[in-house]
Structures are given as structure tokens and as C-alpha cells.
$ cat entry-v4.cif   # mmCIF, C-alpha atoms
data_entry
loop_
_atom_site.label_atom_id
_atom_site.label_comp_id
_atom_site.auth_asym_id
_atom_site.auth_seq_id
_atom_site.Cartn_x
_atom_site.Cartn_y
_atom_site.Cartn_z
CA MET A 1 0.00 0.00 0.00
CA ALA A 2 1.29 3.43 -0.93
CA GLY A 3 1.97 6.03 1.73
CA SER A 4 -0.25 9.06 2.15
CA LYS A 5 0.34 12.71 1.26
CA LEU A 6 -0.08 15.83 3.37
CA VAL A 7 0.35 19.57 3.05
CA ASN A 8 0.10 21.94 5.99
CA ASP A 9 -2.49 24.72 5.67
CA LEU A 10 0.32 27.21 6.25
CA VAL A 11 1.83 26.25 2.90
CA LEU A 12 -1.38 26.72 0.92
CA ASP A 13 -2.33 29.86 2.84
CA ALA A 14 0.99 31.45 1.95
CA ALA A 15 0.11 31.21 -1.74
CA LEU A 16 -3.42 32.46 -1.23
CA GLN A 17 -2.23 35.27 1.03
CA TYR A 18 0.26 36.27 -1.66
CA LEU A 19 -2.66 36.86 -3.99
CA GLU A 20 -4.57 38.80 -1.36
CA ASP A 21 -1.60 41.00 -0.52
CA ASN A 22 -0.54 41.76 -4.07
CA VAL A 23 -3.55 41.78 -6.35
CA ASP A 24 -4.64 45.37 -6.91
CA PHE A 25 -6.30 45.11 -10.31
CA LEU A 26 -9.15 42.88 -11.48
CA SER A 27 -10.08 42.93 -15.13
CA VAL A 28 -12.85 41.51 -17.27
CA CYS A 29 -11.28 40.55 -20.55
CA GLU A 30 -11.73 39.03 -23.95
CA ALA A 31 -9.90 35.75 -24.57
CA THR A 32 -7.08 34.90 -24.40
CA CYS A 33 -4.98 36.67 -21.77
CA THR A 34 -1.53 35.23 -21.16
CA THR A 35 0.45 38.34 -20.27
CA TYR A 36 0.19 41.34 -17.98
CA GLU A 37 -0.33 43.63 -20.95
CA HIS A 38 -3.26 41.53 -22.17
CA ALA A 39 -4.84 41.68 -18.73
CA HIS A 40 -4.10 45.32 -17.92
CA SER A 41 -4.46 47.34 -21.13
CA ASN A 42 -7.80 48.15 -22.68
CA LYS A 43 -8.83 46.36 -25.84
CA GLY A 44 -7.67 48.53 -28.73
CA THR A 45 -4.50 49.59 -26.93
CA ALA A 46 -1.51 47.53 -28.07
CA THR A 47 -2.31 43.90 -27.22
CA GLY A 48 -4.76 44.76 -24.45
CA LYS A 49 -7.94 42.73 -23.98
CA VAL A 50 -9.56 44.56 -21.05
CA LEU A 51 -13.22 45.52 -21.32
CA ALA A 52 -13.83 46.58 -17.70
CA SER A 53 -11.70 46.72 -14.58
CA SER A 54 -11.50 47.51 -10.90
CA ALA A 55 -8.59 48.82 -8.84
CA THR A 56 -10.32 47.77 -5.62
CA PRO A 57 -10.42 43.96 -5.61
CA THR A 58 -10.90 42.44 -2.16
CA PHE A 59 -10.66 38.91 -0.81
CA THR A 60 -12.13 36.91 2.05
CA GLY A 61 -9.95 34.10 3.31
CA PRO A 62 -7.93 31.97 3.36
CA ASP A 63 -10.34 29.40 4.71
CA ASN A 64 -11.07 25.69 4.62
CA ASP A 65 -12.56 24.26 1.46
CA THR A 66 -13.91 20.87 0.46
CA SER A 67 -10.33 19.94 -0.31
CA GLY A 68 -7.42 22.11 0.75
CA ARG A 69 -7.80 25.84 1.23
CA LYS A 70 -9.55 28.64 -0.60
CA THR A 71 -9.83 32.38 -0.79
CA ASN A 72 -12.95 34.08 -2.06
CA VAL A 73 -12.57 36.91 -4.52
CA ASP A 74 -15.30 39.27 -3.36
CA GLU A 75 -18.00 40.54 -5.67
CA GLU A 76 -17.04 43.44 -7.90
CA ALA A 77 -20.36 45.12 -8.52
CA SER A 78 -21.13 47.58 -11.31
CA MET A 79 -17.77 48.04 -12.95
CA THR A 80 -18.01 50.46 -15.86
CA VAL A 81 -17.62 48.80 -19.25
CA ASP A 82 -14.99 50.90 -21.01
CA ILE A 83 -14.82 48.94 -24.28
CA SER A 84 -17.47 46.78 -25.96
CA GLY A 85 -16.58 43.14 -26.45
CA ASN A 86 -17.10 39.55 -25.39
CA ALA A 87 -16.15 38.89 -21.78
CA GLU A 88 -14.63 35.43 -21.30
CA GLU A 89 -11.89 35.81 -18.69
CA ILE A 90 -11.34 37.40 -15.28
CA CYS A 91 -7.74 38.37 -14.54
CA LEU A 92 -5.99 39.33 -11.31
CA CYS A 93 -2.88 41.51 -11.63
CA ASP A 94 -0.17 42.97 -9.46
CA VAL A 95 0.29 46.39 -11.02
CA SER A 96 3.48 47.37 -9.21
CA ALA A 97 5.14 44.13 -10.35
CA THR A 98 3.45 44.31 -13.79
CA ALA A 99 2.44 40.68 -13.35
CA LEU A 100 -0.61 38.67 -14.29
CA LEU A 101 -1.01 36.51 -11.18
CA TYR A 102 -4.18 34.54 -11.80
CA LYS A 103 -6.89 34.07 -14.38
CA THR A 104 -10.16 32.23 -14.58
CA SER A 105 -12.87 31.87 -17.16
CA CYS A 106 -16.47 33.01 -17.34
CA THR A 107 -19.35 32.15 -19.59
CA LEU A 108 -19.08 34.35 -22.67
CA GLN A 109 -21.17 37.48 -22.34
CA ALA A 110 -21.32 40.45 -24.70
CA LEU A 111 -20.70 43.76 -22.95
CA MET A 112 -21.55 47.22 -24.23
CA ALA A 113 -19.40 50.25 -23.50
CA GLY A 114 -21.11 52.63 -21.09
CA ASN A 115 -23.01 49.88 -19.29
CA THR A 116 -21.81 48.18 -16.13
CA VAL A 117 -20.77 44.64 -15.36
CA THR A 118 -20.78 42.71 -12.09
CA ALA A 119 -18.33 39.94 -11.28
CA PRO A 120 -19.96 37.84 -8.52
CA THR A 121 -17.94 36.26 -5.75
CA TRP A 122 -15.79 33.36 -6.92
CA LYS A 123 -13.12 31.29 -5.27
CA ILE A 124 -9.55 30.22 -5.80
CA ASN A 125 -8.94 26.78 -4.33
CA ILE A 126 -5.71 24.92 -3.79
CA ALA A 127 -6.63 21.30 -3.26
CA ASP A 128 -4.90 18.90 -0.91
CA PRO A 129 -2.41 16.60 -2.63
CA SER A 130 -3.92 13.31 -3.66
CA MET B 1 7.48 42.54 2.97
CA PRO B 2 4.21 40.88 4.11
CA LYS B 3 1.47 43.23 5.22
CA THR B 4 0.31 43.26 8.82
CA ASP B 5 -3.26 42.29 9.66
CA GLU B 6 -4.00 45.92 10.53
CA GLU B 7 -2.72 47.08 7.16
CA ARG B 8 -4.80 44.42 5.42
CA LYS B 9 -7.97 45.46 7.28
CA ALA B 10 -7.42 49.14 6.53
CA GLU B 11 -6.80 48.51 2.83
CA LYS B 12 -9.85 46.25 2.54
CA ALA B 13 -12.06 48.84 4.25
CA ARG B 14 -10.85 51.52 1.84
CA ARG B 15 -11.54 49.34 -1.19
CA MET B 16 -14.97 48.22 0.07
CA LEU B 17 -16.01 51.85 0.54
CA GLU B 18 -14.93 52.74 -2.97
CA LYS B 19 -16.82 49.77 -4.40
CA ALA B 20 -19.99 50.76 -2.56
CA MET B 21 -20.02 54.11 -4.36
CA ARG B 22 -20.54 52.55 -7.81
CA MET B 23 -23.87 52.94 -9.56
CA PRO B 24 -25.21 50.10 -11.75
CA LEU B 25 -26.26 50.97 -15.31
CA ASN B 26 -27.67 48.24 -17.55
CA ASP B 27 -25.68 45.85 -15.43
CA THR B 28 -24.53 42.48 -16.79
CA ILE B 29 -23.80 39.77 -14.23
CA LEU B 30 -21.06 37.37 -15.26
CA GLU B 31 -21.02 33.64 -14.59
CA ILE B 32 -17.50 32.99 -13.32
CA GLN B 33 -15.93 29.56 -12.99
CA ASN B 34 -13.98 28.92 -9.79
CA GLY B 35 -10.28 28.23 -10.15
CA THR B 36 -8.79 25.10 -8.60
CA ILE B 37 -5.09 24.35 -8.33
CA GLU B 38 -4.29 20.65 -8.03
CA ILE B 39 -0.93 20.21 -6.34
CA THR B 40 -0.33 16.85 -7.99
CA ASP B 41 -0.70 18.52 -11.38
CA LEU B 42 1.77 21.20 -10.40
CA ILE B 43 4.31 18.65 -9.25
CA GLY B 44 3.89 16.71 -12.49
CA LYS B 45 4.46 19.83 -14.57
CA ILE B 46 7.55 20.77 -12.57
CA GLU B 47 8.97 17.29 -13.10
CA THR B 48 8.32 17.56 -16.83
CA ARG B 49 10.03 20.95 -17.04
CA VAL B 50 13.03 19.69 -15.07
CA LYS B 51 13.38 16.65 -17.33
CA GLU B 52 13.13 18.89 -20.42
CA GLY B 53 15.80 21.14 -18.96
CA LEU B 54 18.11 18.19 -18.26
CA GLN B 55 17.64 16.89 -21.79
CA ASN B 56 18.55 20.31 -23.15
CA GLY B 57 21.68 20.45 -21.01
CA ARG B 58 20.38 23.09 -18.62
#

$ encode --input "entry-v4.cif" --output "C-alpha cells"
Amino acid sequence: MAGSKLVNDLVLDAALQYLEDNVDFLSVCEATCTTYEHAHSNKGTATGKVLASSATPTFTGPDNDTSGRKTNVDEEASMTVDISGNAEEICLCDVSATALLYKTSCTLQALMAGNTVTAPTWKINIADPS
Amino acid sequence: MPKTDEERKAEKARRMLEKAMRMPLNDTILEIQNGTIEITDLIGKIETRVKEGLQNGR
């Protein structure tokens, strides 16, 4: 029989806390963001893909999850849509380090400039090793 | 330098206040998929990258 695996919560929390301490920009983007510039510059500016953004992202956590630990990315209500386009990705950036730190996907939705968009609460989970 | 808990609370309070000031206008609510990081996957990818590096003489 194989031995078991274990990771201390402190290890996972360090990664989640890094996100909480350093993310200061949340963007709603068109696909596909792989760089900071994609995730931070508006669509139509260089290689930017941002349609809407917030400089006030907040988190709740770290906390226990079904497996491992999680942090909730709090709701970002009523962000102004700066550029029309198809929202497919949510990006988290560290502006001072010009780094794209995390990205997730969302169901494609067409956004119109001048309207607002709400990103409901979602979570980042680091599962226990298995 | 990690932030202190007091600094974290103060920064979160400032951001929450700013968020509360926003006014919705023809608001679209996104459906966001949660992100899960599987540690076993990460370890597998690291092993692959290390093996690739060794094969390339790095």
C-alpha cells in the first residue's frame, strides 16, 4: 500500500495570502490573456484585452474548502464597461510588479461600453495533494 | 514585505467603501468559474520541465 500525502495549511495559505496581498487590479477581458499587458491594457491599446476593470479587488480568506484551502474573490459590482466586447476571462494583476497573477474563465457574455458589469464572488482553491 | 493584519484590514475597508459608491447601469452579471489548483498537477508539470531542462543540457 502506498503512503499518504499531506500539506500543511500554512503552505497553501501562503500562496493564497500572496494573492490577497498583491492583487490590486481585477479585469474583465476578452480571450485569451496570457500576459500582464493583455490583462491590464484596454482592448484597442496595443495587445490589451480589457473591457472593464477595478482597482479595488478584495478577498475573504484563506479558509477551509472541500479539499485544501480557498480564498474568495469578493463581488465586484457595477464596474463600468470601457470597451465593448465579449467577456470570457477574469484576470488578477499585481500592477506594481506588472504581473498577471491569476486568471479564470467566465461564460461568454457580450458587454456594451457605457453599461456596467458585475463579477460575482468566486473562489480560488488549492486542493490537498492526492 | 508581508502586510500586517492591521494594514490588510485598513486597505480592505478603503476598497470596500470605494466599491460601494458605484452605480449600476444596464448591469450584466457574469457567470464565473472557480479556479482550482491541483498540487499533484503542479508537481507533475515541474517534473516535466526539469526533465526537459536536463535533456537540453540546462

$ residues_around --input "entry-v4.cif" --residues "Ile32 in chain B" --least-positions-apart "4" --cutoff "12 Å" --atoms "only C-alpha atoms" --output "NGL selection string"
:A and (28 or 73-76 or 87-91 or 103-109 or 118-124)

$ closest_atom_pairs --input "entry-v4.cif" --of "chain B" --to "chain A" --cutoff "6 Å" --atoms "all atoms listed in the file" --output "Markdown table"
| residue | atom | partner | partner_atom | distance |
| --- | --- | --- | --- | --- |
| B:Arg15 | CA | A:Thr56 | CA | 4.9 |
| B:Pro24 | CA | A:Ser78 | CA | 4.8 |
| B:Leu25 | CA | A:Asn115 | CA | 5.3 |
| B:Asn26 | CA | A:Asn115 | CA | 5.2 |
| B:Asp27 | CA | A:Thr116 | CA | 4.6 |
| B:Thr28 | CA | A:Val117 | CA | 4.6 |
| B:Ile29 | CA | A:Thr118 | CA | 4.7 |
| B:Leu30 | CA | A:Ala119 | CA | 5.5 |
| B:Glu31 | CA | A:Cys106 | CA | 5.4 |
| B:Ile32 | CA | A:Cys106 | CA | 4.1 |
| B:Gln33 | CA | A:Cys106 | CA | 5.6 |
| B:Asn34 | CA | A:Lys123 | CA | 5.2 |
| B:Gly35 | CA | A:Ile124 | CA | 4.8 |
| B:Thr36 | CA | A:Asn125 | CA | 4.6 |
| B:Ile37 | CA | A:Ile126 | CA | 4.6 |
| B:Glu38 | CA | A:Ala127 | CA | 5.4 |
| B:Ile39 | CA | A:Pro129 | CA | 5.4 |
| B:Thr40 | CA | A:Pro129 | CA | 5.8 |

$ resolve_selection --input "entry-v4.cif" --expression "the PyMOL selection byres ((chain A and resi 50) around 10)" --output "ChimeraX atom specification"
/A:26-31,33,37-45,47-49,51-53,81-85,87,89-91

$ atom_distance --input "entry-v4.cif" --atom1 "CA of Leu19 in chain A" --atom2 "CA of Lys19 in chain B"
19.2 Å

$ atom_distance --input "entry-v4.cif" --atom1 "CA of Asp94 in chain A" --atom2 "CA of Asp63 in chain A"
22.1 Å

$ atom_distance --input "entry-v4.cif" --atom1 "CA of Cys93 in chain A" --atom2 "CA of Val23 in chain A"
5.3 Å

$ build_atoms --input "entry-v4.cif" --residues "range 63-97 of chain A" --atoms "N, CA and C atoms" --output "mmCIF file, in the coordinates of the input"
data_model
loop_
_atom_site.group_PDB
_atom_site.id
_atom_site.type_symbol
_atom_site.label_atom_id
_atom_site.label_comp_id
_atom_site.auth_asym_id
_atom_site.auth_seq_id
_atom_site.Cartn_x
_atom_site.Cartn_y
_atom_site.Cartn_z
ATOM 1 N N ASP A 63 -9.443 30.166 3.875
ATOM 2 C CA ASP A 63 -10.340 29.400 4.710
ATOM 3 C C ASP A 63 -10.365 27.961 4.203
ATOM 4 N N ASN A 64 -10.950 27.094 5.027
ATOM 5 C CA ASN A 64 -11.070 25.690 4.620
ATOM 6 C C ASN A 64 -11.980 25.562 3.401
ATOM 7 N N ASP A 65 -11.692 24.574 2.577
ATOM 8 C CA ASP A 65 -12.560 24.260 1.460
ATOM 9 C C ASP A 65 -12.818 22.762 1.466
ATOM 10 N N THR A 66 -13.602 22.294 0.521
ATOM 11 C CA THR A 66 -13.910 20.870 0.460
ATOM 12 C C THR A 66 -12.618 20.060 0.465
ATOM 13 N N SER A 67 -11.670 20.510 -0.318
ATOM 14 C CA SER A 67 -10.330 19.940 -0.310
ATOM 15 C C SER A 67 -9.334 21.077 -0.274
ATOM 16 N N GLY A 68 -8.439 21.076 0.678
ATOM 17 C CA GLY A 68 -7.420 22.110 0.750
ATOM 18 C C GLY A 68 -7.954 23.426 1.300
ATOM 19 N N ARG A 69 -7.459 24.512 0.733
ATOM 20 C CA ARG A 69 -7.800 25.840 1.230
ATOM 21 C C ARG A 69 -8.283 26.713 0.086
ATOM 22 N N LYS A 70 -9.004 27.751 0.423
ATOM 23 C CA LYS A 70 -9.550 28.640 -0.600
ATOM 24 C C LYS A 70 -9.463 30.081 -0.128
ATOM 25 N N THR A 71 -9.546 30.994 -1.095
ATOM 26 C CA THR A 71 -9.830 32.380 -0.790
ATOM 27 C C THR A 71 -10.931 32.813 -1.727
ATOM 28 N N ASN A 72 -11.878 33.561 -1.214
ATOM 29 C CA ASN A 72 -12.950 34.080 -2.060
ATOM 30 C C ASN A 72 -12.541 35.434 -2.612
ATOM 31 N N VAL A 73 -12.729 35.595 -3.911
ATOM 32 C CA VAL A 73 -12.570 36.910 -4.520
ATOM 33 C C VAL A 73 -13.939 37.570 -4.409
ATOM 34 N N ASP A 74 -14.011 38.654 -3.645
ATOM 35 C CA ASP A 74 -15.300 39.270 -3.360
ATOM 36 C C ASP A 74 -15.952 39.835 -4.624
ATOM 37 N N GLU A 75 -17.259 39.977 -4.540
ATOM 38 C CA GLU A 75 -18.000 40.540 -5.670
ATOM 39 C C GLU A 75 -17.456 41.910 -6.060
ATOM 40 N N GLU A 76 -17.368 42.114 -7.363
ATOM 41 C CA GLU A 76 -17.040 43.440 -7.900
ATOM 42 C C GLU A 76 -18.286 43.921 -8.623
ATOM 43 N N ALA A 77 -19.080 44.707 -7.952
ATOM 44 C CA ALA A 77 -20.360 45.120 -8.520
ATOM 45 C C ALA A 77 -20.210 46.369 -9.387
ATOM 46 N N SER A 78 -20.930 46.376 -10.488
ATOM 47 C CA SER A 78 -21.130 47.580 -11.310
ATOM 48 C C SER A 78 -19.837 48.249 -11.762
ATOM 49 N N MET A 79 -18.956 47.445 -12.323
ATOM 50 C CA MET A 79 -17.770 48.040 -12.950
ATOM 51 C C MET A 79 -18.190 48.659 -14.292
ATOM 52 N N THR A 80 -17.676 49.817 -14.591
ATOM 53 C CA THR A 80 -18.010 50.460 -15.860
ATOM 54 C C THR A 80 -17.365 49.697 -17.025
ATOM 55 N N VAL A 81 -18.162 49.429 -18.047
ATOM 56 C CA VAL A 81 -17.620 48.800 -19.250
ATOM 57 C C VAL A 81 -17.001 49.906 -20.110
ATOM 58 N N ASP A 82 -15.691 49.857 -20.257
ATOM 59 C CA ASP A 82 -14.990 50.900 -21.010
ATOM 60 C C ASP A 82 -15.009 50.621 -22.510
ATOM 61 N N ILE A 83 -14.922 49.343 -22.871
ATOM 62 C CA ILE A 83 -14.820 48.940 -24.280
ATOM 63 C C ILE A 83 -15.821 47.812 -24.532
ATOM 64 N N SER A 84 -16.540 47.869 -25.623
ATOM 65 C CA SER A 84 -17.470 46.780 -25.960
ATOM 66 C C SER A 84 -16.695 45.546 -26.384
ATOM 67 N N GLY A 85 -17.238 44.391 -26.047
ATOM 68 C CA GLY A 85 -16.580 43.140 -26.450
ATOM 69 C C GLY A 85 -17.196 41.959 -25.753
ATOM 70 N N ASN A 86 -16.597 40.794 -25.976
ATOM 71 C CA ASN A 86 -17.100 39.550 -25.390
ATOM 72 C C ASN A 86 -16.268 39.143 -24.183
ATOM 73 N N ALA A 87 -16.866 39.233 -23.006
ATOM 74 C CA ALA A 87 -16.150 38.890 -21.780
ATOM 75 C C ALA A 87 -16.049 37.374 -21.649
ATOM 76 N N GLU A 88 -14.822 36.877 -21.470
ATOM 77 C CA GLU A 88 -14.630 35.430 -21.300
ATOM 78 C C GLU A 88 -13.660 35.097 -20.183
ATOM 79 N N GLU A 89 -12.907 36.097 -19.697
ATOM 80 C CA GLU A 89 -11.890 35.810 -18.690
ATOM 81 C C GLU A 89 -11.871 36.891 -17.614
ATOM 82 N N ILE A 90 -11.525 36.467 -16.407
ATOM 83 C CA ILE A 90 -11.340 37.400 -15.280
ATOM 84 C C ILE A 90 -9.883 37.272 -14.857
ATOM 85 N N CYS A 91 -9.176 38.393 -14.850
ATOM 86 C CA CYS A 91 -7.740 38.370 -14.540
ATOM 87 C C CYS A 91 -7.453 39.145 -13.253
ATOM 88 N N LEU A 92 -6.453 38.670 -12.526
ATOM 89 C CA LEU A 92 -5.990 39.330 -11.310
ATOM 90 C C LEU A 92 -4.532 39.729 -11.515
ATOM 91 N N CYS A 93 -4.241 41.014 -11.368
ATOM 92 C CA CYS A 93 -2.880 41.510 -11.630
ATOM 93 C C CYS A 93 -2.276 42.195 -10.414
ATOM 94 N N ASP A 94 -0.962 42.169 -10.382
ATOM 95 C CA ASP A 94 -0.170 42.970 -9.460
ATOM 96 C C ASP A 94 0.437 44.096 -10.289
ATOM 97 N N VAL A 95 -0.118 45.294 -10.148
ATOM 98 C CA VAL A 95 0.290 46.390 -11.020
ATOM 99 C C VAL A 95 1.732 46.809 -10.770
ATOM 100 N N SER A 96 2.121 46.901 -9.502
ATOM 101 C CA SER A 96 3.480 47.370 -9.210
ATOM 102 C C SER A 96 4.535 46.409 -9.735
ATOM 103 N N ALA A 97 4.197 45.127 -9.817
ATOM 104 C CA ALA A 97 5.140 44.130 -10.350
ATOM 105 C C ALA A 97 4.872 43.839 -11.820
#
